[in-house]
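Report on one structure; see the data block that follows.
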Amino acid sequence: MKKLLAATAFFFALSALQAPPPVAPKPTSLKLWRLDCGSILIKDYNAYFSDTSAYTPGQQKNLTASCYLIQDAGRYLLWDTGLTADLLGKPEDSPAQRMSLDKSIGTQLGEIGVRPDQIEMVGISHFHFDHIGQAAQFPKAKLVIGAEDLAALRATPAHPSLKPEAIKPWLAEGSNALAVRGDVDIFKDGRVIMLNMPGHTPGHHSLLVKLASGPILLTGDLYHFSEQVPIKGVPPFNTDRADTLASMDRFDKMAANLGAKVIIQHERADIAKLPAFPLAAE
Ligand SMILES: [Zn+2]
């Protein structure tokens, strides 16, 4: 009997060695880096940004152009691509604005050991030049953009204010582009969602990133600076005023309900809300 008990105990001990109890899988980390994608000095921001003369006339405003790298389980989404790399060392001045770029996205990715060909998707909030400027540096990526905005960039001829050459790898029908309608779950795990927020442009989107530390909402250009938020200021060049106000209503309610940290992509003060590059928010 003793021998049998000893054998049984030995068997269970061996089983325990061979088959450790199952451990719940650790959720893979979600990371977000803020990249510097340029600076834009607006020389009269009341004229430029308000269709109701909401701000002090003749005042300048310094805006930042920011881009974001999101890593989800080893996959990469680049959100917006800022000003063109043609501006490196060659700032551009016009009566309305002054634009400059200190460092390309590719250089910044290199500093955190990410190669351009590792970017699986380039997500674009909307078709304006200050959001698609460096997209073509990632020709192997899938372009993910609102359907109406992609159609506008692909139109021949395109509207003279647009710069379709910035998305040259995806201009042909059948190229590696996803024309987004409504919201889209980027990595199909519910953690990174492109949100339908039309009005600034017809296919404009914001981005929700559900980090372990709490959700982040990236505005796209639904808002350009903090002062615009409480007064619901609408720029004169938005494509649809009513859609803009409806999108602001959805965005604000979502931010409040989720307790999300809002990052206005062009607002310099919001740079401090995220860790300074090369650190990432998690
Ligand atoms: Zn913009």
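Lettering and numbering for the structure tokens are positional, with chains as A, B, ... in the shown order, residues counted from 1 in each chain, and ligands counted from 1 in the shown order.
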request  = Let me have all residues with an atom within 8 Å of ligand 1, counting only C-alpha atoms and all ligand atoms, laid out as an MDAnalysis selection string.
outcome  = chainID A and resid 65 128:131 220:221 224 265:266
Residues from last step as file, C-alpha atoms, as a PDB file, in the first residue's frame:
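Below is the file part33.pdb, written as the result:
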ATOM      1  CA  ALA A  65       1.960  69.381 -36.508  1.00  0.00           C
ATOM      2  CA  HIS A 128      -5.074  68.209 -45.973  1.00  0.00           C
ATOM      3  CA  PHE A 129      -1.405  68.636 -46.936  1.00  0.00           C
ATOM      4  CA  ASP A 130      -0.247  68.964 -43.305  1.00  0.00           C
ATOM      5  CA  HIS A 131      -1.499  65.427 -42.556  1.00  0.00           C
ATOM      6  CA  GLY A 220      -7.379  64.907 -36.137  1.00  0.00           C
ATOM      7  CA  ASP A 221      -8.414  68.490 -37.036  1.00  0.00           C
ATOM      8  CA  HIS A 224      -7.035  72.912 -33.928  1.00  0.00           C
ATOM      9  CA  GLN A 265      -2.996  67.396 -32.657  1.00  0.00           C
ATOM     10  CA  HIS A 266      -2.118  71.009 -33.603  1.00  0.00           C
TER      11      HIS A 266
END
Sort by chain and increasing residue number a table of all residues of segment 52-162 of chain A within 12 Å of segment 239-246 of chain A, each with its closest pair of atoms and their distance in Å to one decimal, counting only C-alpha atoms, and write it as JSON lines.
{"residue": "A:Thr52", "atom": "CA", "partner": "A:Arg241", "partner_atom": "CA", "distance": 11.7}
{"residue": "A:His126", "atom": "CA", "partner": "A:Thr239", "partner_atom": "CA", "distance": 11.6}
{"residue": "A:Phe127", "atom": "CA", "partner": "A:Thr239", "partner_atom": "CA", "distance": 11.7}
{"residue": "A:His128", "atom": "CA", "partner": "A:Thr239", "partner_atom": "CA", "distance": 11.9}
{"residue": "A:Glu148", "atom": "CA", "partner": "A:Thr239", "partner_atom": "CA", "distance": 11.5}
{"residue": "A:Asp149", "atom": "CA", "partner": "A:Thr239", "partner_atom": "CA", "distance": 11.2}
request  = Please return as a ChimeraX atom specification: the residues of segment 92-256 of chain A that backbone DSSP assigns to alpha helix (DSSP H).
outcome  = /A:105-111,129-132,147-154,228-231,241-256
ask   = Got a sec: who's within 8 Å of segment 67-78 of chain A, counting only C-alpha atoms, leaving out chain neighbours fewer than 3 positions off, as a list in words?
value = Thr28, Ser29, Leu30, Lys31, Leu32, Trp33, Arg34, Leu35, Asp36, Cys37, Thr81, Gly82, Gln118, Ile119, Glu120, Met121, Val122, Gly123, Phe187 and Gln265 of chain A
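Secondary structure of segment 78-109 of chain A, strand (DSSP E or B) only (DSSP, backbone atoms): Leu78, Trp79, Leu88, Glu92, Asp93, Gln97, Arg98, Met99, Ser100 and Leu101 of chain A.
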Same residues, N, CA and C atoms, output as a PDB file, in the first residue's frame:
ATOM      1  N   LEU A  78       0.876  54.139 -38.192  1.00  0.00           N
ATOM      2  CA  LEU A  78       1.317  55.528 -38.126  1.00  0.00           C
ATOM      3  C   LEU A  78       0.073  56.373 -38.343  1.00  0.00           C
ATOM      4  N   TRP A  79      -0.218  57.297 -37.412  1.00  0.00           N
ATOM      5  CA  TRP A  79      -1.435  58.118 -37.520  1.00  0.00           C
ATOM      6  C   TRP A  79      -1.034  59.531 -37.933  1.00  0.00           C
ATOM      7  N   LEU A  88      12.527  70.292 -44.794  1.00  0.00           N
ATOM      8  CA  LEU A  88      13.700  70.108 -43.936  1.00  0.00           C
ATOM      9  C   LEU A  88      14.785  71.116 -44.315  1.00  0.00           C
ATOM     10  N   GLU A  92       9.066  77.461 -45.276  1.00  0.00           N
ATOM     11  CA  GLU A  92       8.307  78.103 -46.358  1.00  0.00           C
ATOM     12  C   GLU A  92       7.432  79.205 -45.755  1.00  0.00           C
ATOM     13  N   ASP A  93       7.541  80.390 -46.356  1.00  0.00           N
ATOM     14  CA  ASP A  93       6.831  81.542 -45.834  1.00  0.00           C
ATOM     15  C   ASP A  93       5.821  82.040 -46.859  1.00  0.00           C
ATOM     16  N   GLN A  97       0.924  82.070 -43.687  1.00  0.00           N
ATOM     17  CA  GLN A  97       1.542  81.155 -42.724  1.00  0.00           C
ATOM     18  C   GLN A  97       3.026  80.930 -42.988  1.00  0.00           C
ATOM     19  N   ARG A  98       3.706  80.418 -41.965  1.00  0.00           N
ATOM     20  CA  ARG A  98       5.104  80.006 -42.108  1.00  0.00           C
ATOM     21  C   ARG A  98       5.202  78.570 -41.627  1.00  0.00           C
ATOM     22  N   MET A  99       5.783  77.692 -42.482  1.00  0.00           N
ATOM     23  CA  MET A  99       5.838  76.269 -42.144  1.00  0.00           C
ATOM     24  C   MET A  99       7.278  75.800 -42.082  1.00  0.00           C
ATOM     25  N   SER A 100       7.563  74.929 -41.115  1.00  0.00           N
ATOM     26  CA  SER A 100       8.918  74.378 -41.005  1.00  0.00           C
ATOM     27  C   SER A 100       8.876  72.951 -40.470  1.00  0.00           C
ATOM     28  N   LEU A 101       9.968  72.238 -40.718  1.00  0.00           N
ATOM     29  CA  LEU A 101      10.086  70.852 -40.249  1.00  0.00           C
ATOM     30  C   LEU A 101      11.528  70.618 -39.807  1.00  0.00           C
TER      31      LEU A 101
END
inquiry  = Which residue is closest to His204 of chain A? Choose from A:Thr156, A:Ser247, A:Asn62, A:Gln137 and count only C-alpha atoms.
reply    = A:Ser247
inquiry  = When you look at segment 250-257 of chain A with a cut-off of 8 Å (counting only C-alpha atoms), what residues show up, excluding the ones that are within fewer than 4 positions of it in the same chain? I need them as a ChimeraX atom specification.
reply    = /A:197,217,246,261-262
Write the residues you've just listed into a file as a PDB file, in the first residue's frame, and include C-alpha atoms for each of them.
ATOM      1  CA  MET A 197     -15.997  62.673 -37.465  1.00  0.00           C
ATOM      2  CA  LEU A 217      -8.537  60.585 -28.134  1.00  0.00           C
ATOM      3  CA  ALA A 246     -22.387  67.167 -34.839  1.00  0.00           C
ATOM      4  CA  LYS A 261      -7.379  62.215 -22.410  1.00  0.00           C
ATOM      5  CA  VAL A 262      -7.915  64.490 -25.429  1.00  0.00           C
TER       6      VAL A 262
END
message = Can you tell me which residues surround Ala96 of chain A at a distance of at most 9 Å, considering only C-alpha atoms, apart from same-chain residues fewer than 6 positions away, and format the answer as a ChimeraX atom specification?
response = /A:41-45,48
ask   = Residues at most 10 Å from Pro169 of chain A, counting only C-alpha atoms, excluding those fewer than 3 positions away in the same chain, as a ChimeraX atom specification?
value = /A:135-143,165-166,172,175-177
ask   = How far is it from atom CA of Met248 of chain A to atom CA of Gly233 of chain A, in Å with one decimal?
value = 9.9 Å
